[in-house]
Structure formats: structure tokens, C-alpha cells
file final07.cif (mmCIF, C-alpha atoms)
data_start
loop_
_atom_site.label_atom_id
_atom_site.label_comp_id
_atom_site.auth_asym_id
_atom_site.auth_seq_id
_atom_site.Cartn_x
_atom_site.Cartn_y
_atom_site.Cartn_z
CA MET A 1 112.08 134.70 71.47
CA GLY A 2 111.33 135.32 67.81
CA GLU A 3 114.96 136.16 67.16
CA GLY A 4 116.02 132.91 68.83
CA ALA A 5 113.73 130.93 66.53
CA ARG A 6 115.19 132.68 63.51
CA THR A 7 118.70 131.85 64.72
CA LEU A 8 117.85 128.14 64.76
CA VAL A 9 117.18 128.53 61.04
CA SER A 10 119.92 130.95 60.01
CA GLU A 11 122.81 129.59 62.08
CA ASP A 12 121.97 125.98 62.91
CA GLY A 13 120.45 125.24 59.52
CA PHE A 14 117.05 123.88 60.52
CA PRO A 15 114.53 124.47 57.72
CA ALA A 16 111.90 125.75 60.14
CA ALA A 17 111.25 126.39 63.81
CA LEU A 18 107.93 126.81 65.59
CA ALA A 19 107.14 127.41 69.23
CA ALA A 20 104.38 128.09 71.74
CA VAL A 21 105.04 129.83 75.04
CA GLN A 22 102.58 129.91 77.93
CA GLY A 23 102.89 132.53 80.66
CA ARG A 24 101.83 132.29 84.30
CA ASP A 25 98.53 133.90 83.28
CA GLY A 26 97.81 131.05 80.89
CA ARG A 27 98.13 133.19 77.77
CA VAL A 28 99.99 131.54 74.90
CA ARG A 29 102.19 133.22 72.29
CA ASP A 30 103.12 131.50 69.03
CA TYR A 31 106.32 131.89 67.02
CA THR A 32 107.49 130.64 63.64
CA ALA A 33 110.66 131.01 61.59
CA GLY A 34 112.06 129.61 58.38
CA THR A 35 110.25 127.80 55.58
CA GLY A 36 107.52 125.21 55.96
CA ASP A 37 108.21 123.59 52.58
CA LEU A 38 111.62 123.96 50.95
CA ALA A 39 110.21 123.00 47.54
CA THR A 40 107.44 125.59 47.42
CA GLY A 41 108.65 128.19 49.92
CA ALA A 42 105.37 127.92 51.85
CA ALA A 43 105.20 129.61 55.24
CA VAL A 44 105.47 127.68 58.49
CA PRO A 45 101.94 127.14 59.83
CA VAL A 46 101.40 128.71 63.24
CA ASN A 47 101.09 125.92 65.81
CA GLY A 48 101.52 123.36 63.04
CA GLN A 49 101.48 119.65 63.72
CA VAL A 50 104.82 117.89 64.22
CA ARG A 51 105.90 114.40 65.16
CA ALA A 52 106.40 114.47 68.93
CA GLY A 53 109.13 111.84 69.10
CA SER A 54 110.07 110.98 72.67
CA ASN A 55 107.74 113.54 74.21
CA THR A 56 105.44 110.55 73.73
CA LYS A 57 107.25 108.86 76.64
CA SER A 58 105.74 111.33 79.09
CA PHE A 59 102.26 110.43 77.82
CA THR A 60 103.08 106.71 78.00
CA ALA A 61 104.42 106.98 81.54
CA ALA A 62 101.28 108.89 82.56
CA VAL A 63 99.07 106.07 81.23
CA VAL A 64 101.07 103.47 83.18
CA LEU A 65 100.88 105.60 86.34
CA GLN A 66 97.11 105.92 85.96
CA LEU A 67 97.00 102.12 85.97
CA VAL A 68 99.16 102.19 89.11
CA GLY A 69 96.63 104.52 90.72
CA GLU A 70 93.85 102.12 89.75
CA GLY A 71 95.67 99.24 91.43
CA LYS A 72 96.20 97.36 88.16
CA VAL A 73 99.99 97.80 88.02
CA LYS A 74 102.66 98.01 90.74
CA LEU A 75 105.76 100.07 90.06
CA ASP A 76 108.13 97.76 91.91
CA GLU A 77 106.69 94.55 90.47
CA PRO A 78 108.85 92.71 87.90
CA ILE A 79 107.73 93.09 84.30
CA GLU A 80 107.69 89.28 84.30
CA THR A 81 104.47 89.44 86.33
CA TYR A 82 102.63 91.19 83.50
CA LEU A 83 104.48 89.89 80.42
CA PRO A 84 105.59 86.40 81.47
CA GLY A 85 108.38 84.79 79.47
CA LEU A 86 108.81 87.78 77.16
CA VAL A 87 111.87 89.61 78.53
CA ARG A 88 114.77 87.20 78.10
CA GLY A 89 118.27 87.51 76.64
CA ASP A 90 121.99 87.69 77.32
CA GLY A 91 122.08 89.11 80.85
CA ILE A 92 118.39 90.02 80.51
CA ASP A 93 115.78 88.58 82.86
CA GLY A 94 112.26 89.96 83.25
CA HIS A 95 112.20 88.70 86.84
CA ARG A 96 114.82 91.34 87.73
CA ILE A 97 113.46 94.34 85.80
CA THR A 98 110.66 96.28 87.46
CA VAL A 99 108.05 98.54 85.91
CA ARG A 100 109.83 101.44 87.64
CA ASN A 101 113.13 100.43 85.96
CA LEU A 102 111.43 100.67 82.58
CA LEU A 103 109.86 104.10 83.11
CA GLN A 104 113.03 105.41 84.77
CA HIS A 105 115.50 104.07 82.15
CA THR A 106 117.37 102.04 84.77
CA SER A 107 116.55 98.60 83.31
CA GLY A 108 119.82 97.97 81.49
CA LEU A 109 117.88 96.93 78.39
CA PRO A 110 119.74 97.67 75.13
CA ASP A 111 118.16 100.17 72.74
CA TYR A 112 116.72 98.67 69.55
CA VAL A 113 117.08 101.93 67.59
CA GLN A 114 120.69 101.36 66.56
CA ALA A 115 119.65 98.06 64.95
CA LEU A 116 117.28 99.93 62.61
CA GLY A 117 120.25 101.36 60.68
CA LEU A 118 121.42 104.90 60.01
CA ASP A 119 119.64 105.67 56.73
CA PRO A 120 116.13 106.95 57.57
CA PHE A 121 115.00 106.66 53.95
CA ALA A 122 115.68 102.92 53.93
CA ILE A 123 113.02 102.28 56.60
CA ARG A 124 110.60 105.18 56.15
CA ASP A 125 107.87 102.91 54.75
CA THR A 126 108.55 99.87 56.94
CA TYR A 127 105.88 98.84 59.41
CA TYR A 128 107.28 97.50 62.68
CA ASN A 129 105.23 95.47 65.10
CA PRO A 130 106.27 96.29 68.70
CA ARG A 131 107.48 92.72 69.08
CA ASP A 132 109.80 93.24 66.08
CA MET A 133 111.53 96.07 67.92
CA LEU A 134 111.69 94.07 71.12
CA ASP A 135 113.33 91.19 69.23
CA LEU A 136 115.98 93.59 67.89
CA ALA A 137 116.72 94.73 71.45
CA LEU A 138 116.75 91.29 73.07
CA SER A 139 119.21 89.97 70.50
CA GLN A 140 121.79 92.26 72.14
CA LYS A 141 123.52 91.88 75.50
CA ALA A 142 122.24 93.75 78.57
CA ALA A 143 123.96 97.09 79.06
CA PHE A 144 124.11 96.70 82.88
CA ALA A 145 122.29 95.07 85.78
CA PRO A 146 118.83 96.53 86.51
CA GLY A 147 119.02 99.54 88.80
CA ALA A 148 122.80 99.91 88.51
CA LYS A 149 122.71 103.17 86.53
CA TRP A 150 120.65 105.36 84.20
CA GLN A 151 120.81 104.87 80.45
CA TYR A 152 118.21 105.97 77.94
CA SER A 153 116.65 103.13 75.94
CA ASN A 154 113.58 103.29 73.73
CA THR A 155 113.10 99.58 74.39
CA ASN A 156 111.87 100.43 77.90
CA TYR A 157 108.88 102.28 76.50
CA VAL A 158 108.02 99.65 73.90
CA LEU A 159 107.66 97.30 76.88
CA ALA A 160 105.63 99.93 78.74
CA GLY A 161 103.22 100.03 75.80
CA LEU A 162 102.96 96.24 75.75
CA LEU A 163 102.33 96.34 79.50
CA VAL A 164 99.41 98.74 79.01
CA GLU A 165 97.91 96.53 76.31
CA LYS A 166 98.23 93.40 78.45
CA VAL A 167 96.68 94.99 81.54
CA THR A 168 93.85 96.82 79.77
CA GLY A 169 93.16 94.36 76.97
CA ARG A 170 92.97 97.27 74.53
CA PRO A 171 95.27 98.79 71.86
CA PHE A 172 97.80 101.20 73.32
CA GLY A 173 96.75 104.04 71.00
CA GLU A 174 93.17 103.73 72.23
CA GLU A 175 94.27 103.97 75.87
CA ILE A 176 96.49 107.03 75.34
CA THR A 177 93.64 108.70 73.45
CA ARG A 178 90.95 107.84 76.00
CA ARG A 179 93.02 108.59 79.08
CA ILE A 180 95.13 111.59 78.05
CA ILE A 181 94.35 113.19 74.69
CA GLN A 182 90.57 113.46 74.93
CA PRO A 183 90.22 114.46 78.62
CA LEU A 184 92.75 117.29 78.18
CA GLY A 185 91.15 118.53 74.98
CA LEU A 186 94.32 118.09 72.92
CA LYS A 187 92.44 118.63 69.66
CA ASP A 188 95.54 118.65 67.45
CA THR A 189 97.20 115.59 69.01
CA TYR A 190 96.53 112.08 67.76
CA TRP A 191 97.85 108.54 67.69
CA PRO A 192 98.55 107.53 64.06
CA GLY A 193 96.73 104.42 62.92
CA ALA A 194 98.56 101.28 61.81
CA GLY A 195 100.31 102.05 58.54
CA GLU A 196 99.40 105.77 58.61
CA ARG A 197 102.34 107.68 57.14
CA GLY A 198 101.09 111.20 56.52
CA ILE A 199 100.34 114.03 58.98
CA ARG A 200 96.64 114.91 59.10
CA GLY A 201 96.58 118.65 59.80
CA ALA A 202 98.50 121.77 58.75
CA HIS A 203 102.19 121.07 59.29
CA PRO A 204 105.66 122.12 58.22
CA LYS A 205 107.43 119.43 56.23
CA GLY A 206 110.11 117.43 57.99
CA TYR A 207 113.55 116.81 56.53
CA ALA A 208 116.34 114.28 56.91
CA SER A 209 119.66 113.41 55.31
CA ALA A 210 120.97 109.98 54.38
CA ALA A 211 124.29 110.87 56.04
CA PRO A 212 125.07 113.40 58.82
CA GLY A 213 125.08 116.93 57.44
CA GLY A 214 124.16 115.76 53.94
CA PRO A 215 121.58 117.26 51.57
CA LEU A 216 118.16 117.61 53.19
CA GLU A 217 115.31 115.60 51.69
CA ASP A 218 111.61 115.56 52.56
CA ILE A 219 110.78 112.73 54.99
CA THR A 220 107.42 114.01 56.20
CA ARG A 221 105.73 110.85 54.96
CA LEU A 222 107.00 108.22 57.38
CA ASP A 223 105.69 105.12 59.15
CA PRO A 224 106.15 106.06 62.83
CA SER A 225 105.65 102.50 64.06
CA GLN A 226 109.44 102.42 64.43
CA ALA A 227 108.89 104.54 67.55
CA TRP A 228 105.45 103.28 68.77
CA ALA A 229 104.90 103.91 72.53
CA ALA A 230 108.37 105.46 72.71
CA GLY A 231 107.69 108.19 70.15
CA GLN A 232 104.78 107.85 67.71
CA LEU A 233 102.45 110.75 68.66
CA VAL A 234 101.66 113.68 66.39
CA THR A 235 101.00 116.94 68.23
CA THR A 236 101.52 120.73 68.22
CA PRO A 237 103.55 123.11 70.40
CA ARG A 238 100.37 124.41 72.05
CA ASP A 239 99.15 120.92 72.87
CA LEU A 240 102.53 120.05 74.39
CA ASP A 241 102.27 123.14 76.61
CA ARG A 242 98.78 122.09 77.64
CA PHE A 243 99.81 118.50 78.39
CA PHE A 244 102.85 119.28 80.54
CA SER A 245 101.01 122.08 82.37
CA ALA A 246 98.08 119.77 83.10
CA LEU A 247 100.42 116.99 84.18
CA LEU A 248 102.24 119.18 86.71
CA GLY A 249 98.95 120.78 87.75
CA GLY A 250 97.48 117.48 88.90
CA GLU A 251 94.91 117.08 86.13
CA VAL A 252 96.35 113.80 84.80
CA LEU A 253 97.52 111.90 87.88
CA ASP A 254 96.58 111.73 91.53
CA ALA A 255 99.09 113.21 93.98
CA ALA A 256 100.74 109.89 94.91
CA GLU A 257 101.45 108.95 91.29
CA LEU A 258 102.62 112.47 90.39
CA THR A 259 105.06 112.28 93.29
CA GLU A 260 106.41 108.99 91.91
CA MET A 261 106.71 110.51 88.44
CA THR A 262 108.70 113.50 89.73
CA THR A 263 111.07 111.50 91.96
CA THR A 264 114.29 111.56 90.00
CA VAL A 265 117.69 109.94 89.52
CA PRO A 266 120.73 111.62 87.90
CA ALA A 267 120.56 111.27 84.12
CA GLU A 268 124.25 111.11 83.26
CA GLY A 269 124.76 111.22 79.52
CA ALA A 270 121.44 112.93 78.80
CA PRO A 271 121.46 115.35 75.84
CA THR A 272 120.84 118.36 78.10
CA PRO A 273 123.27 119.21 80.92
CA ASP A 274 122.56 118.69 84.63
CA SER A 275 119.52 116.53 83.92
CA ASP A 276 117.62 114.32 86.32
CA TYR A 277 115.00 111.81 85.20
CA GLY A 278 111.83 110.74 86.91
CA LEU A 279 109.29 108.38 85.35
CA GLY A 280 109.01 109.68 81.80
CA LEU A 281 110.09 113.21 82.76
CA PHE A 282 113.34 115.14 82.66
CA ARG A 283 113.98 117.77 85.32
CA ASN A 284 116.26 120.64 84.31
CA THR A 285 117.18 123.74 86.29
CA LEU A 286 116.95 126.69 83.89
CA SER A 287 119.20 129.74 83.75
CA CYS A 288 116.76 131.68 85.96
CA GLY A 289 116.84 128.97 88.65
CA VAL A 290 113.39 127.58 87.83
CA GLU A 291 112.84 123.83 87.45
CA LEU A 292 111.46 122.72 84.09
CA TRP A 293 109.72 119.34 83.90
CA GLY A 294 109.40 117.96 80.39
CA HIS A 295 110.96 115.91 77.65
CA GLY A 296 112.68 116.09 74.31
CA GLY A 297 111.71 114.28 71.16
CA SER A 298 113.65 113.16 68.10
CA ILE A 299 112.17 111.29 65.15
CA HIS A 300 113.30 111.65 61.55
CA GLY A 301 112.05 115.01 60.30
CA TYR A 302 111.37 116.66 63.65
CA ASN A 303 113.18 117.55 66.87
CA THR A 304 111.37 119.04 69.87
CA TYR A 305 111.80 120.03 73.48
CA SER A 306 108.93 120.96 75.75
CA GLY A 307 108.07 121.29 79.40
CA ALA A 308 106.36 123.22 82.15
CA THR A 309 107.11 124.73 85.54
CA LYS A 310 105.14 124.29 88.72
CA ASP A 311 104.12 127.97 88.64
CA GLY A 312 102.24 127.63 85.36
CA ARG A 313 104.79 128.54 82.70
CA ALA A 314 105.36 126.26 79.71
CA ALA A 315 107.20 126.25 76.40
CA ALA A 316 107.56 123.96 73.43
CA VAL A 317 110.02 124.40 70.56
CA ALA A 318 110.07 122.26 67.43
CA VAL A 319 112.42 122.24 64.45
CA THR A 320 111.95 120.36 61.20
CA ALA A 321 115.06 118.20 61.08
CA LEU A 322 117.20 116.30 63.54
CA PRO A 323 120.49 117.88 64.66
CA SER A 324 122.25 114.94 62.97
CA ALA A 325 120.69 116.00 59.66
CA VAL A 326 121.91 119.61 59.75
CA ALA A 327 125.38 119.02 61.26
CA ALA A 328 128.10 116.66 60.06
CA GLU A 329 130.18 116.46 63.23
CA PRO A 330 129.08 115.31 66.71
CA ALA A 331 130.03 118.67 68.23
CA GLY A 332 127.78 120.47 65.76
CA MET A 333 124.92 118.06 66.43
CA MET A 334 125.24 118.60 70.19
CA ALA A 335 125.35 122.36 69.74
CA ALA A 336 122.24 122.41 67.52
CA ASN A 337 120.36 120.24 70.02
CA GLN A 338 121.46 122.49 72.88
CA HIS A 339 120.24 125.57 71.01
CA VAL A 340 116.72 124.09 70.80
CA PHE A 341 116.77 123.55 74.57
CA ASP A 342 118.27 127.02 75.12
CA LEU A 343 115.31 128.58 73.34
CA VAL A 344 112.94 126.78 75.71
CA ASP A 345 115.04 128.15 78.59
CA THR A 346 114.78 131.66 77.16
CA ALA A 347 111.03 131.33 76.61
CA VAL A 348 110.34 130.28 80.20
CA CYS A 349 112.81 132.62 81.87
CA GLU A 350 111.84 135.77 79.97
#
call {"tool": "encode", "arguments": {"input": "final07.cif", "output": "C-alpha cells"}}
result
Amino acid sequence: MGEGARTLVSEDGFPAALAAVQGRDGRVRDYTAGTGDLATGAAVPVNGQVRAGSNTKSFTAAVVLQLVGEGKVKLDEPIETYLPGLVRGDGIDGHRITVRNLLQHTSGLPDYVQALGLDPFAIRDTYYNPRDMLDLALSQKAAFAPGAKWQYSNTNYVLAGLLVEKVTGRPFGEEITRRIIQPLGLKDTYWPGAGERGIRGAHPKGYASAAPGGPLEDITRLDPSQAWAAGQLVTTPRDLDRFFSALLGGEVLDAAELTEMTTTVPAEGAPTPDSDYGLGLFRNTLSCGVELWGHGGSIHGYNTYSGATKDGRAAAVAVTALPSAVAAEPAGMMAANQHVFDLVDTAVCE
């Protein structure tokens, strides 16, 4: 496992890698490799904080499913019911898109991320209101009719966050903290406040490049509002292990809602092969035949993959740059991303 982490640094070019691996007995082992700060040569902090990226979607889906369990939201109700008049555009109609479509990525809603531009440094200090991101998405044409296929779109989870706020009458960050972070004792996980650009605890610095494969520059300080309910959380590898283990173990959702969350559709085009997607969860069959339930996360400066098995194993691997920052060609980016997932596979299957 340690050698695999070092390979992510030496061969794929990530500045640092850090991981936490939980065995069936609940014991956790930590791993680090590389350099936590390229300017000073500082070591990578064990179990350091990283930006979780789209691992946040699993937390967001869990909050929505808790509201389903409380009878406040219905999965097969149109989003129009909860956010009337909001979801409109070319081929886009909130009457036809259900809450399930959003959590499952089968809504056909275009992804707003492409409209943000390719240079991460141009928007690192920009604050985005969730409605700003929704406007960027709704100015585009629908990708397909709701339910017709699976296609990943961050827009789905911006709407899920707005749904939570409308139903609860409270800020989304407060709900994710009250419902998930605090009850599970995720002491190193937090929802950044509006405008908060730094990372609070010990962390390796995150790096990005203005063009694929270009020189790496420090982008640790970043306004994560560009990801909001789709990817804003800050966490650690150990806390990701704890969250996904608790989720599969029935500590977060009642049985009926967990069954809904783990009912999947084929995720064609997902970054990992042979993927299925539930409601905020990927299912992958690992090399040892075990099913891993989890998610990946990409936000400028950090790339992660984490998940758990139903028999109590869990693993989380984080690197301190996106594959698109360390590789110039699409094939290299895909390979670097696959190597992060492969290390999770190795961690669970060993």
C-alpha cells in the first residue's frame, strides 16, 4: 500500500498522496507519500485535511434521503413541487425531473462546470451563489430527456442542496453538519463558511496548472462555492472511511432509504470502469470480487476516491492535484485517475 502511494508521486507526478485504510476489525492504517509543500519541502501530514470534491455528493444525497425518511420529500415527486418555477430552459422542465433523477444523475440537466472556464486561477477567488451556477446550467440545452440515460452533472446536486434549504428552511451547510458530520463524530470534516478560502487544519497544499500538464502552482487557497452541495466539503481520509462505513452500516439512513440509495443504474462514461450509480453512490466490483460503495472527488488542488464494503472494510486515497494538472494528454489523465482508484482497490483487497 505504501509503495502504491509512492508510485502515485514518482510515476504519475502528484505532489503528495495520503490514505487511510480500515480493516474488518475497524483498525485504521495511515499512509503518506511525497511532499506536503513544494516550496518548503514540508512533510505530508498524516490524515491531513483535503477538499473532498464530489465525495460531498454522497453526504448531500444522505441528507435528502433523511428528509425522505421523515416524509418531507418524495423521491419520485417532480422537483417542481419543491422549487416551483425554477427549473426551466431549452428542453428543461422541472415538472418532468424527479428528485430521484437528480440524485441518480438521470435528469438530463447540463453541467454548469464547463461554463466556469478551464483556468482554475481565474476563478479561485470568485464567490458563486448556487443560483449563479444554476443559471449557467439552464442557459444550455438539455442533454437528454429525464430518465433516458445516465450522465454525470454537478447541476443535479446544486438543485439537491436548494431542495434541502427549501424544505428545511435552513442553510444547507447547517443541515449537513447537524445531520451527518456531528452525529458521526467527523471531527476533521467541516462545511466552509461563505467566502472561506483557506483550510482550517493541518493539510498538504493543493496544486493546479493553468493548462493541462503545465507547471504546478499552489491553489490551496480557493473559494469552494463553485462546487457547493456538489463538492464543497473539507475532510480527511479517516473521516471518509468513517462516513462510508457508517452509511453502509445503517447509522445514517433507515433501511428503506439505504435500499433506495444502493439501487443502481449503469453509469456508462463514469471515470472508473464497470460502474453503477445509486443515489449519490458509485458501486464498483473490485479485483477481489468485493463490491465497493463510495465516490470520487475532484476539485482544483485535490483528487480523491473513497468507499466501503458491506463487511466493514474501507479505504480513502487523496492526491494533491487533479489528473488534468499532472498529465497533458487525455490518456495520461485517465491513467492517473485510474491509478488513484487502483490504490483503493489494493487497499481493500489486501
call {"tool": "closest_residue", "arguments": {"input": "final07.cif", "among": "A:Pro171, A:Gly89, A:Gly332, A:Gly294", "to": "Leu279 (chain A)", "atoms": "only C-alpha atoms"}}
result
A:Gly294
call {"tool": "resolve_selection", "arguments": {"input": "final07.cif", "expression": "the PyMOL selection byres ((chain A and resi 302) around 12)", "output": "PyMOL selection string"}}
result
chain A and resi 14-18+48-55+203-208+218-222+224+231-236+296-301+303-305+317-326+337+340
call {"tool": "resolve_selection", "arguments": {"input": "final07.cif", "expression": "the PyMOL selection byres ((chain A and resi 190) around 8)", "output": "ChimeraX atom specification"}}
result
/A:177,181,187-189,191-192,233-235
call {"tool": "resolve_selection", "arguments": {"input": "final07.cif", "expression": "the PyMOL selection byres ((chain A and resi 22-28) around 7)", "output": "ChimeraX atom specification"}}
result
/A:20-21,29-30,241,311-315
call {"tool": "closest_residue", "arguments": {"input": "final07.cif", "among": "A:Thr7, A:Thr56, A:Gln226, A:Thr346", "to": "Thr32 (chain A)", "atoms": "only C-alpha atoms"}}
result
A:Thr7
call {"tool": "closest_residue", "arguments": {"input": "final07.cif", "among": "A:Asp132, A:Phe144, A:Pro212, A:Thr81", "to": "Pro120 (chain A)", "atoms": "all atoms listed in the file"}}
result
A:Pro212
